[in-house]
Each structure stands twice: as structure tokens, then as C-alpha cells.
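Please read the structure below before turning to the comments.
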Amino acid sequence: MVVTFDVINPATEKIVRSVPHTTLGDTDAAIGRAQNAFESWRNVAPGDRARLLRKFAEVVDAHVEELARLEVENSGHTIGNARWEAGNVRDVLQYYSAAPERLFGKQIPVAGGLDVTFHEPLGVVGVIVPWNFPMPIAGWGFAPALAAGNTVVLKPAEVTPLTAIRLGELALEAGLPEGVFQVLPGKGSVVGNRFVTHPLVRKVVFTGSTEVGKQIMAGCANQVKRVTLELGGKSANIVFADSDLEKAAATAPSGVFDNAGQDCCARSRILVQASVYDRFMELLEPAVQGVRVGEPGDEATEMGPLITAAHLGKVASYVPDDTHVAFRGTAPDGPGFWFPPTVLTPPADHATVTEEIFGPVVVVLPFTDEADAIRIANDSEYGLSGSIWTSDVGRAIRVSRAVEAGNLSVNSHSSVRYWTPFGGVKQSGLGRELGPDALDAFTEVKNVFIAT
């Protein structure tokens, strides 16, 4: 009997498509195909592998609008965001298409011979993708892995598999050999867990909750299996009194409410210097109330719905009876999993200050001076991203060095560029994705000494 899952449009609550789940036996068979394909894929000439990845990027580019429209239904993303996300897959493929011909080793001076190193692929790589950014995070895993000569089995999130399935079809259309890149929709307890336990899967890439990431890391330890983890976040947006306060307040909503706050990099803690706190709040209120929440396919929409009814309930549970609410934006009535942009001013020890809500809820806290701002920012088990607003370059550098996070922006909320490394510290993750660093995560360094 085939088990299927109904993909629900979060904005309408209507069924988009029923997707068959991959069974344990099918997962093993796919891993076997990936291992068989690896033997030939790793030996494809670097220039030829580069051309295939460029062709993959070209095919994705030709289908950007199709992928974007599919993502609107698949995950409720705004059409503007979805177009960027599909374009990001194209750009990441294009970036890593340059890698096969540039996987340089080294010649190391030694006595009595020649010593050289090689960067060799690992084998089969399992990529486990979350529901909040189904396309980009998939590409961040499979593009560098394929470029380095590995084969990939990819499990999309159970609730948002449609764009990943389409990317798998486009890979074949671009000419990637059968078995090199396979998409396996299904349950994490079946497909994802098998990536962890199967001995032929040599590395697992996981993006998701810290709790599940710990379980995957523990499971991979049994086989000394490589793992890259991008996990939770509770990032701080630090606003100093000497900053451009109008710009800091105007941009704060996009730093936390983008993708309805379903973003590990969301600046969900705004720390404001006490001397300008009241003025900042005056500026923030109209900015929050001006966020356009509505139909994701509408070009003017800036924020869509939450992903599921269950997730909506979780987010709402943090704001019972309007507790600590300073002000809100608006959200549609009727079908869909809607929650308005919400600003809280809770006490410093409140759960909303420390826990990742993963929705359009932000807390605002005052601080006294630079040291106090750093203390509050670092008072978290997470360390993924964050922002610092100041006109003092020295302060920007000092605070950037002191805040415990893998990615920081000064006078900006930018977290991700595909040509720079991305990842967290503390319980926000392990390893780095994107940029030149990612290739090291998908290769082993082999050292060879030749006596002369």
C-alpha cells in the first residue's frame, strides 16, 4: 500500500497535491543507485562536470517563474521571495560550476621526495532540507556536493516537497546522469534516519531544529560520519543611540518578519540603547503596521502565512491574551494560517526572549551601554546571525568581534551571500555552507609522498 501526504497551501488550506512517501526499501535502493553512480560521477572530467552544472543552472533559470509559482503554493512564500529563492538555486549552481576545475591540492616541501595533496569526494551525501526555505537550502547542500564529485540523495521536508521534486526532474533534463541527484520525499523518521544509519551515506547535511540536529549528530557518531548542521537561532538586532535611528526602525520589520518570521536568521530580539528606546518604538510602530500581509501571489504582499495550523498554534501560544504586546500589524481573516506581525516588550527572563518562536513575533529590550548590549546579545544558547546599528566604525568592529554569532551585518540585515561562508556557533550549528569553504566539507584531503 502506497502512503501519501497531502501538501496543503498555507494561504488557502486547500490540497495542492498528494505526494507518495519513500519507503525504507526505496530509500535503500536509492542510496544503492547513488553509490553505483558515484563510481563514474567522480571520474567525470572536471571540465565536463562543470559544464553539466552550468547546464543545470541554465535549466533552472529557464524555469524560475514556474518554480516560484510552485513555491507560493508549496510553502506560502510571497511571489517576490519565491523568485529570489529559485534564482538563488540557479546562482549557487553557477557559482559551484567553477569548482570542479579548481579543487586544488598542494605541493608541500619535504626531504627525499615529493609530497602532494588531493581533495577527493566523500561518496554519497544525504541532504535533509527544512520547510522554511525549501529551494535555497536544498541548493546550498547539493550544488557544492555535486561539484566536488559526490552523489546526492535529498529529503525535502514532509510538508513542502514540491519544488525539490521539480529540481530533481530539472537535473535530469539538464543531463545529470541517473542516480547522481535523487529527491526522496518522505518522513524524517524513515528517509532522514536512514541517511544517518546507512553505511554508504558518508555525510549528512541537515538544516532544522536544534533538537533534531543533536539526534542526527549522535547517530552519525556511531559511524564517525561527517555532518554539517544549520540549526536554530535567536538573533539580536542591536541599535545604538548613534545610529541612523529612522533607518534602523524602518528596516527592523524586514529583519524579523520576512518569510513570516520562519527564518533561523530572524532578528527576533531588538536591543535598543535606553536613551533612544522611546523614540525607536515611536518609529517602529508605523513600520510594523505598514507591513503588507496577504495573498502570497500578490506582487505587493510582503508577508504570507505560517506553514501549518500546528505551527500557527505554537506561535500563538507565545502571545496568550495579548500578554506584553506593545503593538501589532494586521493579517487576513478567513482560510489560511495567518498571524499578524507582533511586537512584545516582555521582562528579560520571559520565554519569548530566550526561545526560538519561529514566527512574526519580535521582542524589544533596552540596554545601557556597549558592554550591556554584548551581554544581552550573548545571553542565548544560539549564535547564528545578527545586526549592529551604529555610526561608529570602531564600535562596529568591537561589537562584531564580541557578539557570539557566525554571521553579522552592520547597518544591514543581510545574512546570506552565496559566495561567502554561512553557519552558526554554539547550538546554532556545526560547519559552514556556501562560499569557498563549503567545498572542504564535501572532500577528504589525501596526502601522497613520492620518494625520489
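Chain labels A, B, ... are given in the sequence in which chains occur in the C-alpha cells; within each chain residues are numbered consecutively from 1, and ligands are likewise numbered from 1 in the order shown.
The protein and nucleic acid residues lying at most 8 Å from A:Leu384 are Gly232, Gly233, Lys234, Ser235, Cys264, Cys265, Ala405, Gly406, Asn407, Gly423, Gly424, Val425, Ser428 and Gly429 of chain A, with only C-alpha atoms considered and sequence neighbours fewer than 5 positions away removed.
Residues in contact range of A:Ala50, defined as at most 10 Å between only C-alpha atoms, with sequence neighbours fewer than 4 positions away removed, read A:Val44, A:Ala45, A:Pro46, A:Arg54, A:Lys55, A:Phe56, A:Leu93, A:Gln94, A:Tyr96, A:Ser97, A:Ala98, A:Ala99, A:Pro100, A:Glu101, A:Leu146, A:Ala147.
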- Task: Tell me, as number ranges by chain, which residues lie within 12 Å of A:Val315, counting only C-alpha atoms; anything in the same chain fewer than 6 positions away does not count.
- Result: A: 260-262, 305-309, 337-342, 352, 355-362
Suppose we keep N, CA and C atoms; can you now write the selection as a JSON list (two decimals), in the first residue's frame?
[["chain", "number", "residue", "atom", "x", "y", "z"],
["A", 260, "ALA", "N", 7.44, 35.45, 7.19],
["A", 260, "ALA", "CA", 6.59, 35.33, 8.38],
["A", 260, "ALA", "C", 7.38, 34.94, 9.63],
["A", 261, "GLY", "N", 8.65, 35.38, 9.67],
["A", 261, "GLY", "CA", 9.48, 35.08, 10.82],
["A", 261, "GLY", "C", 9.99, 33.65, 10.87],
["A", 262, "GLN", "N", 9.69, 32.87, 9.85],
["A", 262, "GLN", "CA", 10.10, 31.46, 9.81],
["A", 262, "GLN", "C", 11.51, 31.37, 9.21],
["A", 305, "PRO", "N", 1.51, 33.59, 5.02],
["A", 305, "PRO", "CA", 1.04, 32.85, 6.18],
["A", 305, "PRO", "C", 2.14, 32.02, 6.82],
["A", 306, "LEU", "N", 1.83, 31.48, 7.98],
["A", 306, "LEU", "CA", 2.67, 30.44, 8.59],
["A", 306, "LEU", "C", 2.43, 29.13, 7.85],
["A", 307, "ILE", "N", 3.27, 28.14, 8.10],
["A", 307, "ILE", "CA", 3.31, 26.95, 7.26],
["A", 307, "ILE", "C", 2.16, 25.99, 7.50],
["A", 308, "THR", "N", 1.75, 25.76, 8.76],
["A", 308, "THR", "CA", 0.69, 24.80, 9.07],
["A", 308, "THR", "C", -0.16, 25.32, 10.22],
["A", 309, "ALA", "N", -1.32, 24.67, 10.40],
["A", 309, "ALA", "CA", -2.17, 25.01, 11.54],
["A", 309, "ALA", "C", -1.46, 24.72, 12.85],
["A", 337, "PHE", "N", -3.23, 30.19, 7.39],
["A", 337, "PHE", "CA", -2.59, 30.13, 8.71],
["A", 337, "PHE", "C", -1.91, 31.48, 9.01],
["A", 338, "TRP", "N", -2.74, 32.48, 9.30],
["A", 338, "TRP", "CA", -2.28, 33.86, 9.40],
["A", 338, "TRP", "C", -2.00, 34.26, 10.85],
["A", 339, "PHE", "N", -0.93, 35.04, 11.01],
["A", 339, "PHE", "CA", -0.61, 35.63, 12.31],
["A", 339, "PHE", "C", -0.03, 37.01, 12.05],
["A", 340, "PRO", "N", -0.52, 38.04, 12.73],
["A", 340, "PRO", "CA", -0.04, 39.39, 12.43],
["A", 340, "PRO", "C", 1.36, 39.65, 12.97],
["A", 341, "PRO", "N", 2.12, 40.53, 12.33],
["A", 341, "PRO", "CA", 3.40, 40.96, 12.91],
["A", 341, "PRO", "C", 3.16, 41.53, 14.30],
["A", 342, "THR", "N", 3.93, 41.04, 15.27],
["A", 342, "THR", "CA", 3.65, 41.35, 16.68],
["A", 342, "THR", "C", 4.93, 41.79, 17.38],
["A", 352, "THR", "N", 9.69, 34.37, 25.65],
["A", 352, "THR", "CA", 9.78, 34.96, 24.30],
["A", 352, "THR", "C", 11.14, 35.59, 24.04],
["A", 355, "GLU", "N", 13.51, 31.77, 23.81],
["A", 355, "GLU", "CA", 13.15, 30.64, 22.95],
["A", 355, "GLU", "C", 12.90, 31.07, 21.51],
["A", 356, "GLU", "N", 13.24, 30.19, 20.57],
["A", 356, "GLU", "CA", 13.01, 30.48, 19.15],
["A", 356, "GLU", "C", 11.53, 30.27, 18.83],
["A", 357, "ILE", "N", 10.83, 31.35, 18.55],
["A", 357, "ILE", "CA", 9.39, 31.28, 18.28],
["A", 357, "ILE", "C", 9.14, 30.85, 16.84],
["A", 358, "PHE", "N", 9.97, 31.27, 15.92],
["A", 358, "PHE", "CA", 9.89, 30.92, 14.50],
["A", 358, "PHE", "C", 8.58, 31.41, 13.88],
["A", 359, "GLY", "N", 8.25, 32.64, 14.21],
["A", 359, "GLY", "CA", 7.07, 33.27, 13.67],
["A", 359, "GLY", "C", 7.24, 34.78, 13.71],
["A", 360, "PRO", "N", 6.23, 35.54, 13.28],
["A", 360, "PRO", "CA", 6.36, 37.00, 13.19],
["A", 360, "PRO", "C", 6.17, 37.69, 14.53],
["A", 361, "VAL", "N", 7.03, 37.33, 15.48],
["A", 361, "VAL", "CA", 6.98, 37.89, 16.83],
["A", 361, "VAL", "C", 8.38, 38.37, 17.19],
["A", 362, "VAL", "N", 8.49, 39.62, 17.63],
["A", 362, "VAL", "CA", 9.79, 40.17, 18.00],
["A", 362, "VAL", "C", 9.68, 40.80, 19.37]]
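Reported to one decimal place, the separation of atom CA of A:Pro10 from atom CA of A:Glu73 is 7.5 Å.
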- Picked from stretch 173-266 of chain A by DSSP as helix (DSSP H, G or I), as a VMD selection string: chain A and resid 173 to 174 188 to 197 210 to 221 245 to 261
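In this comparison, which uses only C-alpha atoms, the residue of A:Val293, A:Ile165, A:Ala236, A:Val204 approaching A:Ser387 most closely is A:Ala236.
The spacing separating atom CA of A:Ile388 from atom CA of A:Ile238 amounts to 4.8 Å.
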- Query: What are the DSSP strand (DSSP E) residues of stretch 249-317 of chain A, as a PyMOL selection string?
  - Reply: chain A and resi 269-273
- Query: Which residues, written as a ChimeraX atom specification, have at least one atom at most 10 Å from A:Gly139, with only C-alpha atoms counted and residues fewer than 5 positions away on the same chain left out?
  - Reply: /A:85-86,88-93,127,129,134,144-145,164,167,434
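The spacing separating atom CA of A:Val125 from atom CA of A:Lys203 amounts to 4.9 Å.
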- Query: Which one of A:Pro199, A:Gly394, A:Pro253, A:Gly112 sits closest to A:Ala221 if you count only C-alpha atoms?
  - Reply: A:Pro199
